[in-house]
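Shown here: coords_28.cif, mmCIF, C-alpha atoms and all ligand atoms.
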data_query
#
loop_
_atom_site.label_atom_id
_atom_site.label_comp_id
_atom_site.auth_asym_id
_atom_site.auth_seq_id
_atom_site.Cartn_x
_atom_site.Cartn_y
_atom_site.Cartn_z
CA MET A 1 0.00 0.00 0.00
CA GLN A 2 1.15 3.54 -0.77
CA THR A 3 -0.14 6.69 0.87
CA VAL A 4 -0.11 10.23 -0.50
CA SER A 5 -0.95 12.95 2.03
CA VAL A 6 -2.78 16.12 1.12
CA ASN A 7 -1.89 18.71 3.75
CA LEU A 8 -4.65 21.29 4.09
CA GLY A 9 -4.66 21.98 7.83
CA PRO A 10 -8.03 20.91 9.26
CA ARG A 11 -9.10 19.57 5.86
CA SER A 12 -6.04 17.33 5.40
CA TYR A 13 -6.60 13.81 4.10
CA SER A 14 -4.80 10.81 2.79
CA ILE A 15 -4.98 8.97 -0.50
CA GLN A 16 -4.52 5.19 -0.13
CA ILE A 17 -3.25 3.44 -3.24
CA ILE A 18 -3.71 -0.34 -3.21
CA ALA A 19 -4.13 -3.14 -5.74
CA HIS A 20 -6.92 -5.71 -5.67
CA GLU A 21 -7.42 -5.44 -1.90
CA THR A 22 -10.35 -4.69 0.35
CA LEU A 23 -8.77 -5.82 3.59
CA GLY A 24 -8.21 -2.38 5.06
CA TRP A 25 -11.56 -0.90 3.95
CA LEU A 26 -13.26 -0.73 7.35
CA THR A 27 -10.17 0.61 9.09
CA PHE A 28 -9.84 3.19 6.32
CA LEU A 29 -13.48 4.29 6.77
CA LYS A 30 -13.21 4.44 10.53
CA SER A 31 -10.12 6.60 10.46
CA ALA A 32 -11.57 8.92 7.78
CA LEU A 33 -15.08 9.27 9.20
CA GLY A 34 -14.80 8.88 12.98
CA HIS A 35 -18.27 8.68 14.53
CA THR A 36 -20.27 8.34 11.32
CA ARG A 37 -23.00 5.67 11.57
CA LYS A 38 -24.65 5.99 8.16
CA LEU A 39 -23.15 5.68 4.68
CA PHE A 40 -24.73 6.70 1.40
CA PHE A 41 -22.99 5.10 -1.61
CA VAL A 42 -23.25 6.52 -5.13
CA SER A 43 -22.20 4.62 -8.26
CA ASP A 44 -23.11 4.66 -11.92
CA THR A 45 -24.56 1.77 -13.89
CA HIS A 46 -21.05 0.50 -14.77
CA THR A 47 -19.57 0.66 -11.28
CA THR A 48 -22.46 -0.85 -9.34
CA THR A 49 -20.68 -4.17 -8.70
CA LEU A 50 -17.66 -2.40 -7.21
CA MET A 51 -19.94 -0.21 -5.12
CA GLN A 52 -21.95 -3.21 -3.86
CA LYS A 53 -18.75 -4.98 -2.82
CA LEU A 54 -17.69 -2.03 -0.65
CA ARG A 55 -21.22 -1.48 0.64
CA ASP A 56 -21.50 -5.16 1.67
CA LEU A 57 -18.17 -4.91 3.51
CA SER A 58 -19.49 -1.85 5.35
CA LEU A 59 -22.86 -3.30 6.38
CA GLY A 60 -21.72 -4.75 9.72
CA ALA A 61 -20.40 -1.41 10.91
CA TYR A 62 -22.71 1.12 9.20
CA GLU A 63 -26.32 1.58 8.14
CA CYS A 64 -25.99 1.77 4.36
CA ASN A 65 -28.04 3.01 1.44
CA HIS A 66 -27.14 3.73 -2.17
CA ALA A 67 -28.12 5.45 -5.41
CA ILE A 68 -27.23 4.38 -8.95
CA ILE A 69 -26.86 7.06 -11.62
CA PRO A 70 -26.91 6.51 -15.42
CA ALA A 71 -23.32 6.28 -16.71
CA GLY A 72 -21.95 9.18 -18.74
CA GLU A 73 -21.18 12.89 -18.76
CA SER A 74 -24.85 13.87 -19.19
CA SER A 75 -25.42 12.76 -15.59
CA LYS A 76 -23.45 15.75 -14.29
CA SER A 77 -26.81 17.53 -14.38
CA MET A 78 -29.23 19.45 -12.20
CA ALA A 79 -31.68 16.53 -12.53
CA GLN A 80 -29.25 13.95 -11.09
CA PHE A 81 -28.05 16.41 -8.42
CA SER A 82 -31.65 16.94 -7.35
CA PHE A 83 -32.28 13.16 -7.39
CA LEU A 84 -29.35 12.60 -5.01
CA LEU A 85 -30.61 15.28 -2.62
CA ASP A 86 -34.05 13.62 -2.60
CA GLU A 87 -32.47 10.22 -1.89
CA LEU A 88 -30.35 11.65 0.95
CA ALA A 89 -33.45 13.20 2.50
CA GLU A 90 -35.37 9.93 2.11
CA PHE A 91 -32.49 8.11 3.87
CA GLY A 92 -32.69 10.58 6.73
CA ALA A 93 -29.09 11.65 6.24
CA ASP A 94 -27.70 13.72 9.11
CA ARG A 95 -24.58 15.91 9.32
CA GLN A 96 -22.41 12.85 10.05
CA THR A 97 -23.68 10.71 7.16
CA GLY A 98 -20.80 9.81 4.88
CA VAL A 99 -21.26 10.03 1.10
CA VAL A 100 -19.10 7.47 -0.74
CA ALA A 101 -18.62 8.06 -4.49
CA VAL A 102 -17.62 4.88 -6.35
CA GLY A 103 -16.94 5.64 -10.00
CA GLY A 104 -15.21 7.98 -12.42
CA GLY A 105 -15.02 11.75 -12.40
CA VAL A 106 -18.71 12.08 -13.22
CA ILE A 107 -19.78 10.27 -10.05
CA GLY A 108 -17.09 11.97 -7.94
CA ASP A 109 -18.05 15.46 -9.14
CA LEU A 110 -21.81 14.84 -8.86
CA ALA A 111 -21.89 12.99 -5.53
CA GLY A 112 -19.30 15.39 -4.12
CA PHE A 113 -21.50 18.34 -5.03
CA ALA A 114 -24.51 16.69 -3.37
CA ALA A 115 -22.32 16.06 -0.30
CA ALA A 116 -21.24 19.73 -0.33
CA ALA A 117 -24.81 21.00 -0.53
CA TYR A 118 -26.82 18.65 1.68
CA ASN A 119 -27.07 19.99 5.23
CA ARG A 120 -24.36 22.49 4.11
CA GLY A 121 -21.79 19.73 3.95
CA LEU A 122 -21.55 16.00 4.57
CA PRO A 123 -18.33 14.03 4.96
CA PHE A 124 -17.31 12.67 1.59
CA ILE A 125 -15.17 9.71 0.48
CA GLN A 126 -13.81 9.31 -3.04
CA VAL A 127 -13.37 5.81 -4.51
CA PRO A 128 -12.17 6.59 -8.06
CA THR A 129 -12.46 3.72 -10.54
CA THR A 130 -11.18 5.34 -13.77
CA LEU A 131 -7.61 6.37 -14.46
CA LEU A 132 -8.75 9.97 -14.92
CA ALA A 133 -10.46 10.01 -11.54
CA MET A 134 -7.48 8.36 -9.83
CA VAL A 135 -4.94 10.86 -11.14
CA ASP A 136 -7.04 13.98 -11.09
CA SER A 137 -10.73 14.38 -10.21
CA SER A 138 -10.76 12.52 -6.86
CA VAL A 139 -8.07 14.84 -5.45
CA GLY A 140 -8.42 18.54 -4.69
CA GLY A 141 -12.07 19.04 -3.82
CA LYS A 142 -13.52 20.55 -7.01
CA VAL A 143 -17.06 19.17 -7.27
CA GLY A 144 -19.94 20.22 -9.49
CA ILE A 145 -22.19 19.75 -12.47
CA ASN A 146 -22.43 21.07 -16.03
CA HIS A 147 -24.74 23.74 -17.42
CA PRO A 148 -25.75 23.89 -21.11
CA LYS A 149 -23.73 27.12 -21.33
CA GLY A 150 -20.60 25.86 -19.63
CA LYS A 151 -18.73 22.91 -18.21
CA ASN A 152 -18.68 22.64 -14.38
CA LEU A 153 -20.43 26.01 -14.27
CA ILE A 154 -22.19 25.12 -11.00
CA GLY A 155 -20.13 23.70 -8.17
CA ALA A 156 -18.22 24.03 -4.94
CA PHE A 157 -14.95 23.23 -3.25
CA HIS A 158 -15.54 20.30 -0.91
CA GLN A 159 -12.51 18.24 0.02
CA PRO A 160 -12.95 14.51 0.58
CA LYS A 161 -12.18 13.06 4.01
CA ALA A 162 -10.09 10.39 2.26
CA VAL A 163 -9.48 8.77 -1.13
CA TRP A 164 -9.36 4.99 -1.72
CA ILE A 165 -7.66 4.05 -4.99
CA ASP A 166 -7.68 0.38 -5.98
CA ILE A 167 -5.56 0.20 -9.13
CA GLY A 168 -7.09 -3.26 -9.63
CA SER A 169 -10.40 -1.71 -10.68
CA LEU A 170 -8.75 -0.44 -13.88
CA VAL A 171 -8.81 -3.98 -15.30
CA THR A 172 -12.43 -3.59 -16.45
CA LEU A 173 -12.12 0.01 -17.68
CA PRO A 174 -12.94 0.30 -21.44
CA GLU A 175 -9.94 1.23 -23.61
CA ARG A 176 -11.30 4.61 -24.75
CA GLU A 177 -11.86 5.64 -21.11
CA TYR A 178 -8.38 4.48 -20.13
CA LEU A 179 -6.77 6.50 -22.94
CA SER A 180 -8.84 9.53 -21.95
CA GLY A 181 -7.27 9.39 -18.48
CA LEU A 182 -3.80 9.43 -20.03
CA ALA A 183 -4.42 12.97 -21.30
CA GLU A 184 -4.53 14.35 -17.74
CA VAL A 185 -1.43 12.24 -16.96
CA VAL A 186 0.46 13.91 -19.83
CA LYS A 187 -0.78 17.29 -18.54
CA TYR A 188 1.20 16.92 -15.29
CA GLY A 189 4.39 16.35 -17.25
CA VAL A 190 3.90 19.52 -19.27
CA ILE A 191 2.88 21.76 -16.39
CA GLN A 192 5.05 20.53 -13.54
CA ASP A 193 7.48 17.72 -14.20
CA PRO A 194 9.66 17.36 -17.32
CA GLN A 195 11.27 14.14 -15.98
CA PHE A 196 7.81 12.63 -15.64
CA PHE A 197 7.04 13.65 -19.25
CA GLU A 198 10.22 11.84 -20.37
CA PHE A 199 9.28 8.82 -18.26
CA LEU A 200 5.94 8.68 -20.12
CA GLU A 201 7.71 8.99 -23.49
CA GLN A 202 10.01 6.11 -22.58
CA ASN A 203 7.29 3.79 -21.28
CA THR A 204 4.41 4.12 -23.76
CA ALA A 205 4.23 0.36 -24.52
CA LYS A 206 3.99 -0.63 -20.85
CA ILE A 207 1.51 2.16 -20.18
CA LEU A 208 -0.71 1.03 -23.04
CA LYS A 209 -0.57 -2.53 -21.66
CA ARG A 210 -1.68 -1.18 -18.25
CA ASP A 211 1.41 -2.65 -16.57
CA ALA A 212 0.50 -2.71 -12.86
CA ALA A 213 3.86 -1.46 -11.55
CA ILE A 214 3.91 1.47 -13.98
CA LEU A 215 0.30 2.34 -13.15
CA ARG A 216 1.06 2.47 -9.45
CA GLN A 217 3.98 4.80 -10.12
CA ILE A 218 1.91 7.02 -12.41
CA VAL A 219 -1.07 7.29 -10.07
CA ALA A 220 1.12 8.04 -7.03
CA ARG A 221 3.17 10.65 -8.93
CA CYS A 222 0.12 12.43 -10.35
CA CYS A 223 -1.63 12.50 -6.97
CA ARG A 224 1.52 14.00 -5.40
CA LEU A 225 1.88 16.59 -8.17
CA LYS A 226 -1.77 17.63 -7.86
CA ALA A 227 -1.60 17.69 -4.05
CA ASP A 228 1.47 19.98 -4.24
CA VAL A 229 -0.58 22.55 -6.17
CA VAL A 230 -3.79 22.20 -4.14
CA GLU A 231 -1.88 22.54 -0.85
CA LYS A 232 -0.58 25.94 -1.98
CA ASP A 233 -3.81 27.27 -3.54
CA GLU A 234 -6.76 25.19 -2.38
CA ARG A 235 -9.52 27.37 -3.84
CA GLU A 236 -7.79 28.81 -6.93
CA GLU A 237 -7.34 32.16 -5.20
CA THR A 238 -3.67 32.98 -5.73
CA GLY A 239 -3.74 31.77 -9.32
CA LEU A 240 -1.34 28.83 -8.88
CA ARG A 241 -4.09 26.19 -9.07
CA MET A 242 -5.01 27.47 -12.53
CA ILE A 243 -2.01 25.59 -13.92
CA LEU A 244 -4.08 22.40 -13.56
CA ASN A 245 -6.36 23.95 -16.15
CA TYR A 246 -3.75 23.68 -18.93
CA GLY A 247 -5.60 22.85 -22.18
CA HIS A 248 -8.97 23.21 -20.46
CA THR A 249 -10.10 26.56 -21.91
CA PHE A 250 -10.16 24.87 -25.31
CA ALA A 251 -11.27 21.49 -23.89
CA HIS A 252 -14.31 22.82 -22.09
CA ALA A 253 -15.35 24.76 -25.21
CA PHE A 254 -15.08 21.56 -27.31
CA GLU A 255 -17.15 19.62 -24.77
CA THR A 256 -19.78 22.35 -24.50
CA VAL A 257 -20.34 23.06 -28.20
CA SER A 258 -20.45 19.38 -29.15
CA GLY A 259 -22.87 18.40 -26.36
CA TYR A 260 -21.48 16.80 -23.22
CA GLY A 261 -20.22 13.27 -23.84
CA HIS A 262 -19.53 13.47 -27.60
CA TRP A 263 -15.84 13.74 -26.76
CA LEU A 264 -14.64 12.37 -23.42
CA HIS A 265 -13.11 14.96 -21.10
CA GLY A 266 -9.58 13.61 -21.56
CA GLU A 267 -9.94 13.60 -25.34
CA ALA A 268 -10.93 17.26 -25.24
CA VAL A 269 -8.00 18.02 -22.90
CA ALA A 270 -5.56 16.29 -25.29
CA ALA A 271 -6.54 18.46 -28.25
CA GLY A 272 -6.88 21.48 -25.94
CA MET A 273 -3.26 21.15 -24.77
CA VAL A 274 -2.04 21.11 -28.37
CA TYR A 275 -3.94 24.34 -29.17
CA ALA A 276 -2.67 25.99 -25.97
CA SER A 277 0.84 24.98 -26.93
CA ARG A 278 0.36 26.45 -30.43
CA LEU A 279 -0.77 29.69 -28.77
CA ALA A 280 2.45 29.67 -26.72
CA GLU A 281 4.42 29.32 -29.94
CA LYS A 282 2.50 32.26 -31.42
CA LYS A 283 3.46 34.32 -28.35
CA ASP A 284 7.13 33.27 -28.83
CA LEU A 285 7.14 31.50 -25.46
CA ILE A 286 8.28 28.10 -26.74
CA PRO A 287 9.74 26.51 -29.85
CA ALA A 288 7.49 24.28 -32.01
CA SER A 289 9.45 21.22 -30.83
CA ILE A 290 7.67 21.34 -27.44
CA THR A 291 4.28 21.13 -29.14
CA GLU A 292 5.54 18.37 -31.42
CA ARG A 293 6.63 16.25 -28.44
CA GLN A 294 3.15 16.56 -26.92
CA ILE A 295 1.51 15.67 -30.23
CA LYS A 296 3.73 12.59 -30.57
CA LEU A 297 3.03 11.34 -27.06
CA LEU A 298 -0.73 12.05 -27.23
CA SER A 299 -0.93 10.36 -30.63
CA GLU A 300 0.86 7.28 -29.27
CA PHE A 301 -1.88 7.24 -26.64
CA ARG A 302 -4.40 7.40 -29.52
CA LEU A 303 -5.81 10.71 -28.33
CA PRO A 304 -7.14 13.47 -30.64
CA VAL A 305 -4.80 16.38 -31.30
CA LYS A 306 -7.19 18.50 -33.42
CA ALA A 307 -10.70 19.88 -33.05
CA GLU A 308 -13.49 18.47 -35.22
CA SER A 309 -13.96 20.41 -38.44
CA GLY A 310 -17.69 21.07 -37.88
CA TRP A 311 -17.17 23.16 -34.74
CA LYS A 312 -17.52 26.89 -35.45
CA ILE A 313 -14.68 29.05 -34.13
CA PRO A 314 -16.97 31.97 -33.01
CA ASP A 315 -19.08 29.46 -31.02
CA LEU A 316 -15.97 28.07 -29.34
CA ILE A 317 -14.73 31.58 -28.46
CA GLU A 318 -18.16 32.52 -27.06
CA VAL A 319 -17.98 29.55 -24.65
CA MET A 320 -14.37 30.40 -23.72
CA LYS A 321 -15.51 33.83 -22.50
CA ARG A 322 -17.52 32.11 -19.77
CA ASP A 323 -14.48 30.11 -18.62
CA LYS A 324 -13.94 30.45 -14.86
CA LYS A 325 -10.46 31.89 -15.39
CA ALA A 326 -11.76 34.76 -17.53
CA GLN A 327 -12.08 38.19 -15.94
CA ALA A 328 -14.46 40.83 -17.34
CA GLY A 329 -14.80 38.84 -20.55
CA ARG A 330 -11.00 38.80 -20.99
CA LEU A 331 -9.75 35.34 -21.93
CA ARG A 332 -7.03 33.76 -19.84
CA PHE A 333 -4.93 30.83 -20.98
CA ILE A 334 -2.41 28.60 -19.25
CA LEU A 335 0.50 28.38 -21.65
CA PRO A 336 3.80 26.48 -21.49
CA VAL A 337 7.00 28.51 -21.19
CA LYS A 338 9.14 25.36 -21.24
CA LEU A 339 8.50 21.68 -20.70
CA GLY A 340 7.48 21.40 -17.05
CA GLU A 341 6.47 25.02 -16.55
CA VAL A 342 3.36 27.00 -17.50
CA ARG A 343 2.13 30.55 -16.95
CA ALA A 344 -1.30 32.25 -16.99
CA LEU A 345 -1.62 34.83 -19.77
CA ASP A 346 -4.48 37.26 -20.27
CA ASP A 347 -3.16 39.18 -23.26
CA VAL A 348 -4.21 36.61 -25.84
CA THR A 349 -6.52 38.14 -28.45
CA GLU A 350 -9.59 36.47 -29.95
CA GLN A 351 -7.84 36.83 -33.31
CA GLN A 352 -4.88 34.75 -32.05
CA VAL A 353 -7.23 32.07 -30.70
CA ALA A 354 -9.07 31.99 -34.03
CA GLU A 355 -5.76 31.69 -35.90
CA VAL A 356 -4.57 28.64 -33.96
CA LEU A 357 -7.99 26.99 -34.30
CA ALA A 358 -8.19 27.65 -38.05
CA PRO A 359 -7.82 24.39 -39.98
N1 LIG B 401 -13.09 17.57 -10.06
C1 LIG B 401 -11.98 17.61 -10.76
O1 LIG B 401 -10.93 18.12 -10.31
C2 LIG B 401 -11.95 16.99 -12.11
C3 LIG B 401 -10.72 16.73 -12.73
C4 LIG B 401 -10.73 16.12 -13.98
C5 LIG B 401 -11.93 15.75 -14.59
N2 LIG B 401 -13.09 16.01 -13.93
C6 LIG B 401 -14.38 15.57 -14.52
O2 LIG B 401 -14.38 14.15 -14.57
C7 LIG B 401 -15.29 13.74 -15.57
C8 LIG B 401 -14.70 12.64 -16.39
O3 LIG B 401 -14.38 11.56 -15.55
P1 LIG B 401 -14.10 10.10 -16.13
O4 LIG B 401 -13.21 10.20 -17.29
O5 LIG B 401 -13.73 9.26 -14.99
O6 LIG B 401 -15.52 9.69 -16.74
P2 LIG B 401 -16.77 8.87 -16.17
O7 LIG B 401 -16.99 9.12 -14.77
O8 LIG B 401 -17.88 9.13 -17.12
O9 LIG B 401 -16.30 7.36 -16.34
C9 LIG B 401 -16.00 6.88 -17.61
C10 LIG B 401 -16.82 5.63 -17.98
O10 LIG B 401 -16.17 4.49 -17.41
C11 LIG B 401 -17.11 3.74 -16.64
N3 LIG B 401 -16.33 3.15 -15.56
C12 LIG B 401 -15.84 3.79 -14.47
N4 LIG B 401 -15.04 2.96 -13.79
C13 LIG B 401 -15.07 1.78 -14.42
C14 LIG B 401 -14.43 0.55 -14.19
N5 LIG B 401 -13.56 0.38 -13.21
N6 LIG B 401 -14.69 -0.47 -15.04
C15 LIG B 401 -15.54 -0.29 -16.08
N7 LIG B 401 -16.16 0.85 -16.37
C16 LIG B 401 -15.91 1.89 -15.55
C17 LIG B 401 -18.14 4.73 -16.23
O11 LIG B 401 -19.34 4.09 -15.94
C18 LIG B 401 -18.25 5.60 -17.47
O12 LIG B 401 -19.06 4.97 -18.42
C19 LIG B 401 -15.62 14.97 -16.38
O13 LIG B 401 -16.91 15.41 -16.07
C20 LIG B 401 -14.59 15.98 -15.94
O14 LIG B 401 -15.06 17.30 -16.04
C21 LIG B 401 -13.13 16.62 -12.73
O1 LIG B 402 -8.39 20.52 -10.10
C1 LIG B 402 -8.28 21.50 -10.85
O2 LIG B 402 -8.14 22.65 -10.41
C2 LIG B 402 -8.34 21.32 -12.32
O3 LIG B 402 -8.38 22.29 -13.05
C3 LIG B 402 -8.32 19.92 -12.85
C4 LIG B 402 -8.98 19.75 -14.19
O4 LIG B 402 -8.40 18.60 -14.78
C5 LIG B 402 -10.48 19.47 -14.10
O5 LIG B 402 -10.99 19.15 -15.36
C6 LIG B 402 -11.33 20.51 -13.41
O6 LIG B 402 -12.63 20.00 -13.17
C7 LIG B 402 -11.52 21.78 -14.20
O7 LIG B 402 -12.04 22.73 -13.37
P1 LIG B 402 -12.78 24.05 -13.82
O8 LIG B 402 -12.67 24.93 -12.63
O9 LIG B 402 -12.06 24.58 -15.02
O10 LIG B 402 -14.18 23.66 -14.13
ZN ZN B 403 -9.54 18.01 -16.54
#
structure tokens encoding of this file:
Amino acid sequence: MQTVSVNLGPRSYSIQIIAHETLGWLTFLKSALGHTRKLFFVSDTHTTTLMQKLRDLSLGAYECNHAIIPAGESSKSMAQFSFLLDELAEFGADRQTGVVAVGGGVIGDLAGFAAAAYNRGLPFIQVPTTLLAMVDSSVGGKVGINHPKGKNLIGAFHQPKAVWIDIGSLVTLPEREYLSGLAEVVKYGVIQDPQFFEFLEQNTAKILKRDAAILRQIVARCCRLKADVVEKDEREETGLRMILNYGHTFAHAFETVSGYGHWLHGEAVAAGMVYASRLAEKKDLIPASITERQIKLLSEFRLPVKAESGWKIPDLIEVMKRDKKAQAGRLRFILPVKLGEVRALDDVTEQQVAEVLAP
């Protein structure tokens, strides 16, 4: 077992990384939740078996209930949020009731938002079951849902009490979902860790085979890198946390204009990073070779590196203006200045964005 600690004062927590084990589950819950007596599990239709396994293990020690949400990005909606609140009320959830999210980023973001809102905050446990959720969404406390006008437009910061990562659950993850998670993995290399980027370049075959030892290393490294940022800027107030948004101004626009779920989040992030890198070239921040290395690695991971031709540039720019990083309608982009370092820039013109997006 490996542990990554997220040090946030009174909101500190630990991330347990294990493989095909459930032995420590009750001890883990007890230490994360203290006097909690009731647990409310949330899964989607593809993670129900995993959820039931953990719920059954918990039954001797806790009163348990659960909700199952339709799989897919369209479930990060007001309707599913409202459904979870109704179910929590029906269960008679009190301030100590623990919400346990078993699934990918959709379930983590949705259940976490319900946990943040119900009774003004319930203790929350993340059990990520996709690579993307293990390396990114289960850590850092961003929770929320989508709005037709913008991705994650409605949400909160609500840190989990603990994160339980069983790398073993990746065995059943569909290939497209696995590859999508690799986009956020590549992101950490570009924004924070050039050695990690090289490690990914040198180990593509093993990564694509889901080699267990490599996966453990990758998940632990990404969790540490994300925790390092979140510890310094928990609520994206100083600006540092924005670096985790590299590629996301483009990505969220692609996801929004195409209808949530047409492209997976990681696919949108992959192409989004390439466009952000092209913008950095345009601003003379980096040589083209840095973009080319990203394109090569992302292509080896069979991820898209270009937007779809049917998407209209003015529509994409309109969505970008509602990005959470924008101020007074002024676009802000996270751009690389070298491999392993990025900077927030707000002097990018719409014309420059349109030029990099032009086919
Ligand atoms: N909160 C954050 O900091 C943060 C960070 C990154 C991404 N996100 C969000 O995360 C979401 C994407 O998350 P995702 O990529 O995990 O997608 P997802 O939650 O939709 O899961 C992907 C698919 O895999 C299935 N699945 C999950 N685990 C499985 C398993 N072990 N075996 C078989 N099938 C399994 C799911 O049912 C789903 O169909 C997006 O909404 C994105 O905005 C949030
Ligand atoms: O944790 C963060 O901060 C991130 O930006 C991580 C991103 O990978 C993630 O997609 C996040 O949900 C985007 O947040 P948003 O504030 O741009 O909606
Ligand atoms: Zn993301």
Mind dumping a table of every chain A residue within 7 Å of ligand LIG 401 (chain B), with the nearest atom pair and its distance in Å to one decimal, using only C-alpha atoms and all ligand atoms, sorted by chain and rising number, as a tab-separated table?
residue	atom	partner	partner_atom	distance
A:Asp44	CA	B:LIG401	O11	5.5
A:Thr45	CA	B:LIG401	O11	6.1
A:His46	CA	B:LIG401	O11	4.1
A:Thr47	CA	B:LIG401	C13	5.6
A:Ala71	CA	B:LIG401	O11	4.6
A:Gly72	CA	B:LIG401	O8	4.4
A:Glu73	CA	B:LIG401	O8	5.3
A:Lys76	CA	B:LIG401	O13	6.8
A:Gly103	CA	B:LIG401	C12	5.0
A:Gly104	CA	B:LIG401	O7	3.2
A:Gly105	CA	B:LIG401	O3	3.2
A:Val106	CA	B:LIG401	O7	3.8
A:Ile107	CA	B:LIG401	O7	5.6
A:Asp109	CA	B:LIG401	N1	5.5
A:Thr129	CA	B:LIG401	N4	4.2
A:Thr130	CA	B:LIG401	N4	4.5
A:Leu131	CA	B:LIG401	O5	6.8
A:Leu132	CA	B:LIG401	O5	5.0
A:Ala133	CA	B:LIG401	O5	4.8
A:Asp136	CA	B:LIG401	C3	4.9
A:Ser137	CA	B:LIG401	C3	3.4
A:Ser138	CA	B:LIG401	N1	6.4
A:Val139	CA	B:LIG401	O1	6.5
A:Gly140	CA	B:LIG401	O1	6.2
A:Gly141	CA	B:LIG401	N1	6.5
A:Lys142	CA	B:LIG401	N1	4.3
A:Val143	CA	B:LIG401	N1	5.1
A:Asn152	CA	B:LIG401	O14	6.7
A:Ser169	CA	B:LIG401	N5	4.6
A:Leu170	CA	B:LIG401	N5	4.9
A:Val171	CA	B:LIG401	N5	6.8
A:Thr172	CA	B:LIG401	N6	4.1
A:Leu173	CA	B:LIG401	N6	3.7
A:Pro174	CA	B:LIG401	C15	6.0
A:Glu177	CA	B:LIG401	C9	5.6
A:Ser180	CA	B:LIG401	O4	6.4
A:Gly181	CA	B:LIG401	O4	6.1
A:Leu264	CA	B:LIG401	O4	6.7
A:His265	CA	B:LIG401	C19	5.3
A:Gly266	CA	B:LIG401	O4	6.6
Spatial neighbours of Leu208 in chain A, 10 Å, only C-alpha atoms, chain gap at least 2 places, as a tab-separated table (two decimals) with C-alpha atoms, in the frame of the given file:
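Printed below is around-v9.tsv as written:
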chain	number	residue	atom	x	y	z
A	175	GLU	CA	-9.94	1.23	-23.61
A	178	TYR	CA	-8.38	4.48	-20.13
A	179	LEU	CA	-6.77	6.50	-22.94
A	182	LEU	CA	-3.80	9.43	-20.03
A	203	ASN	CA	7.29	3.79	-21.28
A	204	THR	CA	4.41	4.12	-23.76
A	205	ALA	CA	4.23	0.36	-24.52
A	206	LYS	CA	3.99	-0.63	-20.85
A	210	ARG	CA	-1.68	-1.18	-18.25
A	211	ASP	CA	1.41	-2.65	-16.57
A	300	GLU	CA	0.86	7.28	-29.27
A	301	PHE	CA	-1.88	7.24	-26.64
A	302	ARG	CA	-4.40	7.40	-29.52
| request: Using all atoms listed in the file, give me every residue within 12 Å of (5.2, 23.1, -29.1) in file coordinates, as an MDAnalysis selection string. | output: chainID A and resid 190 273:296 335:339
Please produce an output containing C-alpha atoms for each residue in the selection, written as a PDB file, in the frame of the given file.
ATOM      1  CA  VAL A 190       3.900  19.520 -19.270  1.00  0.00           C
ATOM      2  CA  MET A 273      -3.260  21.150 -24.770  1.00  0.00           C
ATOM      3  CA  VAL A 274      -2.040  21.110 -28.370  1.00  0.00           C
ATOM      4  CA  TYR A 275      -3.940  24.340 -29.170  1.00  0.00           C
ATOM      5  CA  ALA A 276      -2.670  25.990 -25.970  1.00  0.00           C
ATOM      6  CA  SER A 277       0.840  24.980 -26.930  1.00  0.00           C
ATOM      7  CA  ARG A 278       0.360  26.450 -30.430  1.00  0.00           C
ATOM      8  CA  LEU A 279      -0.770  29.690 -28.770  1.00  0.00           C
ATOM      9  CA  ALA A 280       2.450  29.670 -26.720  1.00  0.00           C
ATOM     10  CA  GLU A 281       4.420  29.320 -29.940  1.00  0.00           C
ATOM     11  CA  LYS A 282       2.500  32.260 -31.420  1.00  0.00           C
ATOM     12  CA  LYS A 283       3.460  34.320 -28.350  1.00  0.00           C
ATOM     13  CA  ASP A 284       7.130  33.270 -28.830  1.00  0.00           C
ATOM     14  CA  LEU A 285       7.140  31.500 -25.460  1.00  0.00           C
ATOM     15  CA  ILE A 286       8.280  28.100 -26.740  1.00  0.00           C
ATOM     16  CA  PRO A 287       9.740  26.510 -29.850  1.00  0.00           C
ATOM     17  CA  ALA A 288       7.490  24.280 -32.010  1.00  0.00           C
ATOM     18  CA  SER A 289       9.450  21.220 -30.830  1.00  0.00           C
ATOM     19  CA  ILE A 290       7.670  21.340 -27.440  1.00  0.00           C
ATOM     20  CA  THR A 291       4.280  21.130 -29.140  1.00  0.00           C
ATOM     21  CA  GLU A 292       5.540  18.370 -31.420  1.00  0.00           C
ATOM     22  CA  ARG A 293       6.630  16.250 -28.440  1.00  0.00           C
ATOM     23  CA  GLN A 294       3.150  16.560 -26.920  1.00  0.00           C
ATOM     24  CA  ILE A 295       1.510  15.670 -30.230  1.00  0.00           C
ATOM     25  CA  LYS A 296       3.730  12.590 -30.570  1.00  0.00           C
ATOM     26  CA  LEU A 335       0.500  28.380 -21.650  1.00  0.00           C
ATOM     27  CA  PRO A 336       3.800  26.480 -21.490  1.00  0.00           C
ATOM     28  CA  VAL A 337       7.000  28.510 -21.190  1.00  0.00           C
ATOM     29  CA  LYS A 338       9.140  25.360 -21.240  1.00  0.00           C
ATOM     30  CA  LEU A 339       8.500  21.680 -20.700  1.00  0.00           C
TER      31      LEU A 339
END
| note | The residue from A:Ser258, A:Thr97, A:Ser77, A:Gln16 with the smallest atom-to-atom distance to Leu33 in chain A, counting all atoms listed in the file, is A:Thr97
| request: Report the distance between atom O4 of ligand LIG 402 (chain B) and CA of Lys321 in chain A in Å, rounded to one decimal place. | output: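 A separation of 18.5 Å between them.
Residue nearest Gln96 in chain A within the list A:Gly121, A:Gly189, A:Gly108, A:Gly261: A:Gly121 [criterion: smallest interatomic distance, all atoms listed in the file].
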| said: Need the shell around range 3-12 of chain A: protein/DNA/RNA residues with any atom at most 6 Å away, counting all atoms listed in the file. Skip same-chain ones fewer than 3 positions apart. Format as a ChimeraX atom specification? | reply: /A:15-16,227,231
